[in-house]
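The structure file upload.cif is reproduced below (mmCIF, C-alpha atoms, pLDDT in the B column; chains and numbers go by the auth columns).
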```
data_query
loop_
_atom_site.group_PDB
_atom_site.id
_atom_site.type_symbol
_atom_site.label_atom_id
_atom_site.label_comp_id
_atom_site.label_asym_id
_atom_site.label_seq_id
_atom_site.Cartn_x
_atom_site.Cartn_y
_atom_site.Cartn_z
_atom_site.B_iso_or_equiv
_atom_site.auth_seq_id
_atom_site.auth_asym_id
ATOM 1 C CA MET A 1 5.896 9.906 13.262 80.00 9 I
ATOM 2 C CA ALA A 2 2.154 10.440 13.230 85.00 10 I
ATOM 3 C CA ARG A 3 0.917 12.971 15.744 89.00 11 I
ATOM 4 C CA VAL A 4 -2.562 14.244 16.413 88.00 12 I
ATOM 5 C CA TYR A 5 -3.325 17.266 18.527 88.00 13 I
ATOM 6 C CA SER A 6 -6.620 17.998 20.225 87.00 14 I
ATOM 7 C CA SER A 7 -8.286 21.343 19.779 84.00 15 I
ATOM 8 C CA GLY A 8 -9.975 20.999 23.157 84.00 16 I
ATOM 9 C CA ASP A 9 -13.484 19.854 22.291 87.00 17 I
ATOM 10 C CA ASP A 10 -12.511 16.786 20.192 87.00 18 I
ATOM 11 C CA SER A 11 -13.658 13.410 21.461 90.00 19 I
ATOM 12 C CA ILE A 12 -11.335 10.433 21.757 91.00 20 I
ATOM 13 C CA GLU A 13 -13.105 8.722 18.858 93.00 21 I
ATOM 14 C CA VAL A 14 -12.424 11.687 16.565 92.00 22 I
ATOM 15 C CA LEU A 15 -8.779 11.823 17.624 92.00 23 I
ATOM 16 C CA LEU A 16 -8.361 8.083 17.101 93.00 24 I
ATOM 17 C CA LYS A 17 -9.933 8.306 13.650 94.00 25 I
ATOM 18 C CA ARG A 18 -7.615 11.182 12.747 93.00 26 I
ATOM 19 C CA PHE A 19 -4.605 9.243 14.081 93.00 27 I
ATOM 20 C CA LYS A 20 -5.483 6.150 12.033 93.00 28 I
ATOM 21 C CA ARG A 21 -5.858 8.276 8.900 93.00 29 I
ATOM 22 C CA GLU A 22 -2.485 9.906 9.575 93.00 30 I
ATOM 23 C CA CYS A 23 -0.830 6.494 10.044 92.00 31 I
ATOM 24 C CA GLU A 24 -2.335 5.288 6.777 92.00 32 I
ATOM 25 C CA ARG A 25 -1.165 8.390 4.954 92.00 33 I
ATOM 26 C CA GLU A 26 2.393 7.918 6.228 92.00 34 I
ATOM 27 C CA SER A 27 2.142 4.143 5.529 91.00 35 I
ATOM 28 C CA ILE A 28 3.448 3.285 8.985 91.00 36 I
ATOM 29 C CA LEU A 29 1.605 -0.054 9.264 89.00 37 I
ATOM 30 C CA ARG A 30 2.660 -1.159 5.793 89.00 38 I
ATOM 31 C CA GLU A 31 6.296 -0.431 6.627 91.00 39 I
ATOM 32 C CA TRP A 32 6.024 -2.225 9.969 91.00 40 I
ATOM 33 C CA LYS A 33 4.533 -5.331 8.361 90.00 41 I
ATOM 34 C CA ARG A 34 7.247 -5.289 5.711 88.00 42 I
ATOM 35 C CA LYS A 35 9.996 -5.168 8.360 90.00 43 I
ATOM 36 C CA GLU A 36 8.344 -7.593 10.772 93.00 44 I
ATOM 37 C CA PHE A 37 10.300 -10.581 9.437 93.00 45 I
ATOM 38 C CA TYR A 38 13.681 -10.836 7.772 93.00 46 I
ATOM 39 C CA VAL A 39 13.444 -11.704 4.105 92.00 47 I
ATOM 40 C CA LYS A 40 16.495 -13.091 2.372 95.00 48 I
ATOM 41 C CA PRO A 41 17.712 -11.031 -0.587 96.00 49 I
ATOM 42 C CA ALA A 42 17.067 -13.933 -2.975 97.00 50 I
ATOM 43 C CA GLU A 43 13.510 -14.262 -1.663 95.00 51 I
ATOM 44 C CA ASN A 44 13.006 -10.520 -2.029 94.00 52 I
ATOM 45 C CA ARG A 45 14.147 -10.639 -5.672 97.00 53 I
ATOM 46 C CA LYS A 46 11.808 -13.562 -6.290 97.00 54 I
ATOM 47 C CA VAL A 47 8.824 -11.646 -4.871 95.00 55 I
ATOM 48 C CA GLN A 48 9.683 -8.539 -6.888 96.00 56 I
ATOM 49 C CA LYS A 49 10.058 -10.612 -10.060 98.00 57 I
ATOM 50 C CA LYS A 50 6.593 -12.123 -9.518 97.00 58 I
ATOM 51 C CA ALA A 51 5.112 -8.680 -8.936 97.00 59 I
ATOM 52 C CA LEU A 52 6.644 -7.366 -12.154 97.00 60 I
ATOM 53 C CA GLU A 53 5.303 -10.359 -14.085 98.00 61 I
ATOM 54 C CA ARG A 54 1.786 -9.794 -12.682 97.00 62 I
ATOM 55 C CA LYS A 55 1.996 -6.118 -13.605 97.00 63 I
ATOM 56 C CA ARG A 56 3.160 -6.972 -17.137 97.00 64 I
ATOM 57 C CA LEU A 57 0.356 -9.502 -17.634 96.00 65 I
ATOM 58 C CA LYS A 58 -2.228 -7.041 -16.330 96.00 66 I
ATOM 59 C CA LYS A 59 -1.028 -4.383 -18.750 95.00 67 I
ATOM 60 C CA GLN A 60 -1.049 -6.908 -21.617 94.00 68 I
ATOM 61 C CA ARG A 61 -4.637 -7.962 -20.829 93.00 69 I
ATOM 62 C CA LYS A 62 -5.704 -4.328 -20.682 92.00 70 I
ATOM 63 C CA LEU A 63 -4.165 -3.620 -24.087 91.00 71 I
ATOM 64 C CA GLU A 64 -5.851 -6.726 -25.562 90.00 72 I
ATOM 65 C CA MET A 65 -9.228 -5.574 -24.238 89.00 73 I
ATOM 66 C CA LEU A 66 -8.742 -2.136 -25.778 86.00 74 I
ATOM 67 C CA GLY A 67 -7.829 -3.748 -29.116 83.00 75 I
ATOM 68 C CA ARG A 68 -10.999 -5.847 -29.092 80.00 76 I
ATOM 69 C CA ARG A 69 -13.215 -2.831 -28.400 75.00 77 I
ATOM 70 C CA LYS A 70 -11.867 -0.827 -31.315 66.00 78 I
ATOM 71 C CA LYS A 71 -12.746 -3.479 -33.895 56.00 79 I
#
```
Would you kindly transcribe this structure into structure tokens?
Amino acid sequence: MARVYSSGDDSIEVLLKRFKRECERESILREWKRKEFYVKPAENRKVQKKALERKRLKKQRKLEMLGRRKK
């Protein structure tokens, strides 16, 4: 749970900015968006499989680019 305490002379804008940063650091919004809707297990596996494929292709392209530079 993100909490922000005031030291007395902090403005609301500063506290809000600090709170947003704390929420981002704890990835509260990301988790909330992920749990907002139920995703079937099969759908979840499908999404993860796509993500792995994208990651693999990105790594492959990076290695190809490095190979071209060395020649």
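Those DNA, RNA and protein residues that approach the point (-7.7, 9.6, 14.5) to within 12 Å, considering only C-alpha atoms, are Ala10, Arg11, Val12, Tyr13, Ser14, Asp18, Ser19, Ile20, Glu21, Val22, Leu23, Leu24, Lys25, Arg26, Phe27, Lys28, Arg29, Glu30, Cys31, Glu32 and Arg33 of chain I.
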I need the residues from that last selection saved to file as a PDB file, keeping the file's coordinate frame (with C-alpha atoms), if you can.
```pdb
ATOM      1  CA  ALA I  10       2.154  10.440  13.230  1.00 85.00           C
ATOM      2  CA  ARG I  11       0.917  12.971  15.744  1.00 89.00           C
ATOM      3  CA  VAL I  12      -2.562  14.244  16.413  1.00 88.00           C
ATOM      4  CA  TYR I  13      -3.325  17.266  18.527  1.00 88.00           C
ATOM      5  CA  SER I  14      -6.620  17.998  20.225  1.00 87.00           C
ATOM      6  CA  ASP I  18     -12.511  16.786  20.192  1.00 87.00           C
ATOM      7  CA  SER I  19     -13.658  13.410  21.461  1.00 90.00           C
ATOM      8  CA  ILE I  20     -11.335  10.433  21.757  1.00 91.00           C
ATOM      9  CA  GLU I  21     -13.105   8.722  18.858  1.00 93.00           C
ATOM     10  CA  VAL I  22     -12.424  11.687  16.565  1.00 92.00           C
ATOM     11  CA  LEU I  23      -8.779  11.823  17.624  1.00 92.00           C
ATOM     12  CA  LEU I  24      -8.361   8.083  17.101  1.00 93.00           C
ATOM     13  CA  LYS I  25      -9.933   8.306  13.650  1.00 94.00           C
ATOM     14  CA  ARG I  26      -7.615  11.182  12.747  1.00 93.00           C
ATOM     15  CA  PHE I  27      -4.605   9.243  14.081  1.00 93.00           C
ATOM     16  CA  LYS I  28      -5.483   6.150  12.033  1.00 93.00           C
ATOM     17  CA  ARG I  29      -5.858   8.276   8.900  1.00 93.00           C
ATOM     18  CA  GLU I  30      -2.485   9.906   9.575  1.00 93.00           C
ATOM     19  CA  CYS I  31      -0.830   6.494  10.044  1.00 92.00           C
ATOM     20  CA  GLU I  32      -2.335   5.288   6.777  1.00 92.00           C
ATOM     21  CA  ARG I  33      -1.165   8.390   4.954  1.00 92.00           C
TER      22      ARG I  33
END
```
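One finds CA of Lys43 (chain I) at 28.1 Å from CA of Leu65 (chain I).
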Distance in Å - CA of Arg38 (chain I) versus CA of Met9 (chain I): 13.7 Å
